[in-house]
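Listing of entry36.json, JSON, C-alpha atoms
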[["chain", "number", "residue", "atom", "x", "y", "z"],
["A", 130, "MET", "CA", 102.14, 69.14, -106.60],
["A", 131, "PHE", "CA", 98.63, 69.83, -105.34],
["A", 132, "GLY", "CA", 95.65, 67.87, -106.55],
["A", 133, "LEU", "CA", 92.53, 69.51, -107.83],
["A", 134, "LYS", "CA", 90.03, 66.84, -106.80],
["A", 135, "VAL", "CA", 87.47, 67.32, -104.06],
["A", 136, "HIS", "CA", 86.03, 64.22, -102.38],
["A", 137, "LYS", "CA", 83.21, 63.56, -99.94],
["A", 138, "LEU", "CA", 83.75, 60.71, -97.51],
["A", 139, "ARG", "CA", 81.46, 59.09, -95.01],
["A", 140, "THR", "CA", 82.42, 56.72, -92.22],
["A", 141, "PRO", "CA", 82.82, 53.82, -92.03],
["A", 142, "ILE", "CA", 85.57, 54.14, -94.67],
["A", 143, "ASN", "CA", 86.91, 51.13, -96.58],
["A", 144, "ASP", "CA", 90.00, 50.62, -98.72],
["A", 145, "GLU", "CA", 88.15, 51.30, -101.96],
["A", 146, "ASP", "CA", 86.85, 54.65, -100.69],
["A", 147, "ILE", "CA", 90.37, 56.06, -100.41],
["A", 148, "ALA", "CA", 92.18, 54.13, -103.15],
["A", 149, "ASN", "CA", 91.99, 56.96, -105.70],
["A", 150, "ILE", "CA", 92.54, 59.85, -103.29],
["A", 151, "ALA", "CA", 95.93, 61.51, -103.82],
["A", 152, "ILE", "CA", 98.10, 63.91, -101.87],
["A", 153, "GLY", "CA", 96.92, 67.47, -102.37],
["A", 154, "ASP", "CA", 93.29, 66.42, -102.81],
["A", 155, "VAL", "CA", 90.65, 68.01, -100.58],
["A", 156, "LEU", "CA", 88.11, 66.09, -98.48],
["A", 157, "PHE", "CA", 84.88, 66.84, -96.66],
["A", 158, "LEU", "CA", 83.85, 64.24, -94.10],
["A", 159, "ASP", "CA", 80.51, 63.04, -92.72],
["A", 160, "GLY", "CA", 80.13, 60.49, -89.97],
["A", 161, "VAL", "CA", 82.09, 59.64, -86.84],
["A", 162, "VAL", "CA", 85.34, 61.29, -85.76],
["A", 163, "VAL", "CA", 87.14, 60.37, -82.53],
["A", 164, "THR", "CA", 89.68, 62.66, -80.90],
["A", 165, "ALA", "CA", 92.94, 60.89, -80.07],
["A", 166, "ARG", "CA", 96.12, 62.70, -79.18],
["A", 167, "ASP", "CA", 99.31, 62.05, -77.18],
["A", 168, "LEU", "CA", 98.11, 60.08, -74.15],
["A", 169, "VAL", "CA", 95.69, 57.94, -76.13],
["A", 170, "HIS", "CA", 98.45, 56.95, -78.54],
["A", 171, "ARG", "CA", 100.80, 56.09, -75.69],
["A", 172, "LEU", "CA", 98.20, 54.01, -73.87],
["A", 173, "VAL", "CA", 97.33, 52.02, -76.97],
["A", 174, "VAL", "CA", 100.87, 51.56, -78.31],
["A", 175, "LYS", "CA", 103.11, 51.53, -75.22],
["A", 176, "GLU", "CA", 100.74, 50.02, -72.65],
["A", 177, "GLY", "CA", 98.78, 47.80, -75.01],
["A", 178, "ARG", "CA", 95.38, 49.05, -73.92],
["A", 179, "ASN", "CA", 92.42, 48.53, -76.20],
["A", 180, "CYS", "CA", 90.43, 51.56, -77.29],
["A", 181, "PRO", "CA", 86.97, 51.56, -75.71],
["A", 182, "ILE", "CA", 85.53, 52.28, -79.17],
["A", 183, "ASP", "CA", 86.24, 50.30, -82.32],
["A", 184, "LEU", "CA", 88.14, 52.68, -84.63],
["A", 185, "ASN", "CA", 88.15, 50.34, -87.62],
["A", 186, "GLY", "CA", 86.94, 52.38, -90.60],
["A", 187, "LEU", "CA", 86.64, 55.61, -88.61],
["A", 188, "ALA", "CA", 88.56, 58.89, -88.47],
["A", 189, "ILE", "CA", 90.68, 60.22, -85.61],
["A", 190, "PHE", "CA", 91.36, 63.88, -84.92],
["A", 191, "HIS", "CA", 94.61, 65.01, -83.27],
["A", 192, "ALA", "CA", 92.74, 67.58, -81.19],
["A", 193, "GLY", "CA", 91.79, 68.58, -77.68],
["A", 194, "PRO", "CA", 88.38, 70.25, -77.67],
["A", 195, "ILE", "CA", 86.94, 72.96, -75.47],
["A", 196, "VAL", "CA", 83.63, 71.62, -74.20],
["A", 197, "LYS", "CA", 80.66, 72.60, -72.08],
["A", 198, "ARG", "CA", 77.94, 70.55, -70.42],
["A", 199, "HIS", "CA", 74.27, 71.53, -70.32],
["A", 200, "ASP", "CA", 71.28, 69.42, -69.29],
["A", 201, "ASN", "CA", 73.58, 66.42, -68.93],
["A", 202, "LYS", "CA", 74.75, 66.71, -72.55],
["A", 203, "TRP", "CA", 78.19, 67.65, -73.86],
["A", 204, "PHE", "CA", 78.69, 70.33, -76.51],
["A", 205, "ILE", "CA", 81.84, 71.28, -78.39],
["A", 206, "VAL", "CA", 82.63, 75.00, -78.04],
["A", 207, "SER", "CA", 85.82, 74.91, -80.10],
["A", 208, "ILE", "CA", 88.04, 72.22, -81.56],
["A", 209, "GLY", "CA", 91.22, 72.71, -83.55],
["A", 210, "PRO", "CA", 94.10, 70.41, -84.51],
["A", 211, "THR", "CA", 97.21, 69.94, -82.43],
["A", 212, "THR", "CA", 100.66, 69.25, -83.91],
["A", 213, "SER", "CA", 100.50, 65.81, -85.49],
["A", 214, "TYR", "CA", 104.23, 65.14, -85.55],
["A", 215, "ARG", "CA", 104.13, 64.47, -81.79],
["A", 216, "MET", "CA", 102.23, 61.28, -82.65],
["A", 217, "GLU", "CA", 104.79, 60.17, -85.24],
["A", 218, "PRO", "CA", 106.63, 57.70, -82.91],
["A", 219, "TYR", "CA", 103.34, 55.87, -82.24],
["A", 220, "GLU", "CA", 101.28, 56.25, -85.40],
["A", 221, "TYR", "CA", 102.47, 53.16, -87.29],
["A", 222, "GLU", "CA", 101.52, 50.83, -84.45],
["A", 223, "PHE", "CA", 98.35, 52.81, -83.71],
["A", 224, "ILE", "CA", 97.11, 52.43, -87.29],
["A", 225, "GLU", "CA", 98.12, 48.76, -87.30],
["A", 226, "ARG", "CA", 96.22, 48.01, -84.09],
["A", 227, "THR", "CA", 93.10, 50.10, -84.62],
["A", 228, "ARG", "CA", 92.82, 50.06, -88.45],
["A", 229, "VAL", "CA", 91.68, 53.67, -88.39],
["A", 230, "LYS", "CA", 91.29, 54.91, -91.98],
["A", 231, "LEU", "CA", 91.59, 58.68, -91.75],
["A", 232, "ILE", "CA", 93.79, 60.88, -89.58],
["A", 233, "ILE", "CA", 93.10, 64.61, -89.19],
["A", 234, "GLY", "CA", 95.73, 66.89, -87.68],
["A", 235, "LYS", "CA", 98.03, 69.87, -88.03],
["A", 236, "GLY", "CA", 101.25, 69.95, -90.01],
["A", 237, "PHE", "CA", 102.94, 66.99, -91.63],
["A", 238, "MET", "CA", 103.78, 63.47, -90.50],
["A", 239, "GLY", "CA", 106.83, 61.39, -91.33],
["A", 240, "ASP", "CA", 108.00, 58.25, -93.10],
["A", 241, "ARG", "CA", 106.78, 55.73, -90.49],
["A", 242, "THR", "CA", 103.25, 57.05, -90.72],
["A", 243, "ALA", "CA", 103.47, 57.03, -94.52],
["A", 244, "LYS", "CA", 104.56, 53.37, -94.38],
["A", 245, "ALA", "CA", 101.58, 52.56, -92.15],
["A", 246, "CYS", "CA", 99.23, 54.24, -94.62],
["A", 247, "ARG", "CA", 100.71, 52.11, -97.40],
["A", 248, "ASP", "CA", 100.72, 48.88, -95.39],
["A", 249, "PHE", "CA", 97.25, 49.19, -93.86],
["A", 250, "LYS", "CA", 95.49, 51.54, -96.32],
["A", 251, "ALA", "CA", 94.87, 54.79, -94.49],
["A", 252, "ILE", "CA", 95.28, 58.48, -95.26],
["A", 253, "VAL", "CA", 96.46, 61.52, -93.33],
["A", 254, "THR", "CA", 94.95, 64.97, -93.74],
["A", 255, "LEU", "CA", 95.77, 68.47, -92.62],
["A", 256, "TYR", "CA", 93.04, 70.69, -91.18],
["A", 257, "PRO", "CA", 93.62, 74.46, -91.26],
["A", 258, "GLY", "CA", 94.63, 75.91, -87.90],
["A", 259, "GLY", "CA", 92.80, 78.80, -86.28],
["A", 260, "CYS", "CA", 89.35, 77.53, -87.21],
["A", 261, "GLY", "CA", 88.43, 75.87, -83.92],
["A", 262, "ALA", "CA", 85.29, 77.90, -83.22],
["A", 263, "ILE", "CA", 84.06, 77.52, -86.79],
["A", 264, "THR", "CA", 84.68, 73.78, -86.67],
["A", 265, "SER", "CA", 82.16, 73.43, -83.84],
["A", 266, "PHE", "CA", 79.39, 74.15, -86.36],
["A", 267, "ASN", "CA", 80.37, 70.98, -88.26],
["A", 268, "ILE", "CA", 79.78, 68.86, -85.17],
["A", 269, "GLU", "CA", 76.19, 67.68, -85.00],
["A", 270, "GLU", "CA", 76.44, 65.76, -81.75],
["A", 271, "VAL", "CA", 78.78, 64.45, -79.07],
["A", 272, "LEU", "CA", 78.02, 60.74, -79.17],
["A", 273, "GLY", "CA", 80.14, 59.86, -76.16],
["A", 274, "VAL", "CA", 83.36, 60.36, -74.25],
["A", 275, "TYR", "CA", 85.84, 57.79, -72.94],
["A", 276, "TRP", "CA", 88.92, 57.96, -70.73],
["A", 277, "LEU", "CA", 87.74, 61.27, -69.30],
["A", 278, "GLU", "CA", 90.10, 60.60, -66.39],
["A", 279, "LEU", "CA", 92.92, 61.67, -68.74],
["A", 280, "GLY", "CA", 91.48, 65.19, -68.78],
["A", 281, "ILE", "CA", 89.20, 66.90, -71.27],
["A", 282, "PRO", "CA", 91.88, 67.60, -73.95],
["A", 283, "GLU", "CA", 93.27, 64.04, -73.87],
["A", 284, "ALA", "CA", 90.00, 62.10, -73.62],
["A", 285, "LEU", "CA", 88.44, 60.19, -76.50],
["A", 286, "TRP", "CA", 85.57, 62.35, -77.73],
["A", 287, "VAL", "CA", 83.26, 60.58, -80.16],
["A", 288, "LEU", "CA", 81.75, 63.14, -82.51],
["A", 289, "LYS", "CA", 79.15, 63.02, -85.26],
["A", 290, "VAL", "CA", 80.28, 65.47, -87.95],
["A", 291, "LYS", "CA", 78.80, 66.93, -91.11],
["A", 292, "GLU", "CA", 80.97, 68.26, -93.97],
["A", 293, "LEU", "CA", 84.04, 68.56, -91.77],
["A", 294, "GLY", "CA", 86.70, 70.22, -93.89],
["A", 295, "PRO", "CA", 88.48, 71.27, -95.92],
["A", 296, "LEU", "CA", 90.87, 68.43, -95.15],
["A", 297, "ILE", "CA", 94.00, 68.50, -97.32],
["A", 298, "VAL", "CA", 95.49, 65.07, -97.98],
["A", 299, "THR", "CA", 99.15, 64.98, -96.94],
["A", 300, "ILE", "CA", 99.70, 61.19, -97.05],
["A", 301, "ASP", "CA", 97.71, 58.92, -99.32],
["A", 302, "SER", "CA", 97.02, 55.20, -99.09],
["A", 303, "LYS", "CA", 99.96, 54.47, -101.40],
["A", 304, "GLY", "CA", 102.34, 56.08, -98.90],
["A", 305, "ASN", "CA", 103.04, 59.23, -100.91],
["A", 306, "ASN", "CA", 103.93, 62.08, -98.55],
["A", 307, "LEU", "CA", 103.27, 65.70, -99.50],
["A", 308, "ARG", "CA", 105.92, 66.80, -96.99],
["A", 309, "ASN", "CA", 108.63, 65.04, -99.00],
["A", 310, "GLN", "CA", 107.50, 66.66, -102.25],
["A", 311, "ILE", "CA", 107.50, 70.11, -100.66],
["A", 312, "MET", "CA", 110.94, 69.56, -99.11],
["A", 313, "ASP", "CA", 112.33, 68.38, -102.47],
["A", 314, "THR", "CA", 111.01, 71.56, -104.11],
["A", 315, "VAL", "CA", 112.38, 73.77, -101.32],
["A", 316, "ASN", "CA", 115.80, 72.10, -101.50],
["A", 317, "LYS", "CA", 115.98, 72.46, -105.29],
["A", 318, "GLN", "CA", 115.00, 76.12, -105.11],
["A", 319, "GLY", "CA", 117.43, 76.66, -102.25],
["A", 320, "ARG", "CA", 120.33, 75.17, -104.17],
["A", 321, "LYS", "CA", 119.42, 77.31, -107.17],
["A", 322, "ILE", "CA", 119.35, 80.49, -105.09],
["A", 323, "ILE", "CA", 122.66, 79.66, -103.38],
["A", 324, "LYS", "CA", 124.25, 79.00, -106.77],
["A", 325, "GLU", "CA", 123.01, 82.37, -108.04],
["A", 326, "ILE", "CA", 124.36, 84.14, -104.92],
["A", 327, "TYR", "CA", 127.79, 82.50, -105.31],
["A", 328, "SER", "CA", 127.80, 83.45, -109.00],
["A", 329, "SER", "CA", 126.96, 87.06, -108.16],
["A", 330, "ILE", "CA", 129.71, 87.23, -105.51],
["A", 331, "ALA", "CA", 132.27, 85.75, -107.92],
["A", 332, "ASN", "CA", 131.49, 88.45, -110.47],
["A", 333, "LEU", "CA", 132.06, 91.34, -108.02]]

The structure in this file should be written as structure tokens.
Amino acid sequence: MFGLKVHKLRTPINDEDIANIAIGDVLFLDGVVVTARDLVHRLVVKEGRNCPIDLNGLAIFHAGPIVKRHDNKWFIVSIGPTTSYRMEPYEYEFIERTRVKLIIGKGFMGDRTAKACRDFKAIVTLYPGGCGAITSFNIEEVLGVYWLELGIPEALWVLKVKELGPLIVTIDSKGNNLRNQIMDTVNKQGRKIIKEIYSSIANL
């Protein structure tokens, strides 16, 4: 079920860079990551607003950072993933419009996002929760911030990162979804256990 390959990616990412990356593989990322969570997705998909930064070939992070400002510069204190499934209703259209290549978040995403990854060649990854403070050490610089009027957690933070990871691939560019494989395994094991319980009860 889980791949054994470890990949290093650098933005901008093209189709060929992710063509041979499979679900279960592990990534470490260098380059530009842009935070984009609920409100950003709604503005782009529902209201048709254009992102103030071109996301084509970049990575987005479903995250709302804790930040501080010193000498007129922003610094990330902590940044961890938020639940990605909240973005599921918007992600197909978001990927289609922005042509983002890599999504980083928490938990799994669904069939519409998997279809977008297949149609437009993108991948989705899971970042371990609870590592927000540690993650700040992978951020070399805050390159900019947009839509700050949405509030610090919902704004678009443009970050230069180094060896951000481990990122576990949950949807690959062929549309394979690790969630579905895990659920199939769970269901098979569940049916087996239930059958064994019924058999045990029948023999009492």

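Applying the 9 Å criterion to (98.6, 67.2, -88.1) in file coordinates and using all atoms listed in the file, one obtains the residues Phe190, His191, Pro210, Thr211, Thr212, Ser213, Tyr214, Arg215, Met216, Ile232, Ile233, Gly234, Lys235, Gly236, Phe237, Met238, Val253, Thr254, Leu255 and Tyr256 of chain A.
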
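CA of Asp301 in chain A to CA of Val274 in chain A spans 28.9 Å [interatomic distance, one decimal].
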
Practice problem: Have a look at A:Val174, A:Val287, A:Cys246, A:Val155 and name the one nearest to Lys303 in chain A; count all atoms listed in the file. | Solution: A:Cys246

Quiz item: In Å, how far is it from CA of Asp183 in chain A to CA of Val229 in chain A?
Solution: 8.8 Å

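Within 9 Å of Leu285 in chain A, once only C-alpha atoms are used and residues closer than 3 positions along the same chain are dropped, the contacting residues are Val163, Thr164, Ala165, Arg166, Val169, Cys180, Pro181, Ile182, Gly273, Val274, Tyr275, Trp276, Leu277, Ile281 and Pro282 of chain A.
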
Quiz prompt | Point-to-point distance in Å for CA of Asn149 in chain A and CA of Gly209 in chain A | solution = 27.2 Å

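With all atoms listed in the file taken into account, the protein and nucleic acid residues at most 9 Å from range 259-261 of chain A (excluding it and anything under 4 positions from it in its own chain) are Pro194, Val206, Ser207, Ile208, Gly209, Pro210 and Ser265 of chain A.
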
Practice problem: Determine, counting only C-alpha atoms, which protein, DNA and RNA residues have an atom within 10 Å of an atom of Lys250 in chain A; residues of the same chain fewer than 6 positions away are not included. Present the result as a PyMOL selection string. | Solution: chain A and resi 143-145+147-148+224-225+228-231+243-244+301-304

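In terms of minimum interatomic distance to Arg198 in chain A, A:Val271 ranks closest within A:Val271, A:Leu288, A:Ala245, A:Val298, counting only C-alpha atoms.
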
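Distance annotation: of A:Arg241, A:Lys289, A:Lys175, A:Arg247, the residue with the minimal separation from Pro141 in chain A is A:Lys289; atom set is only C-alpha atoms.
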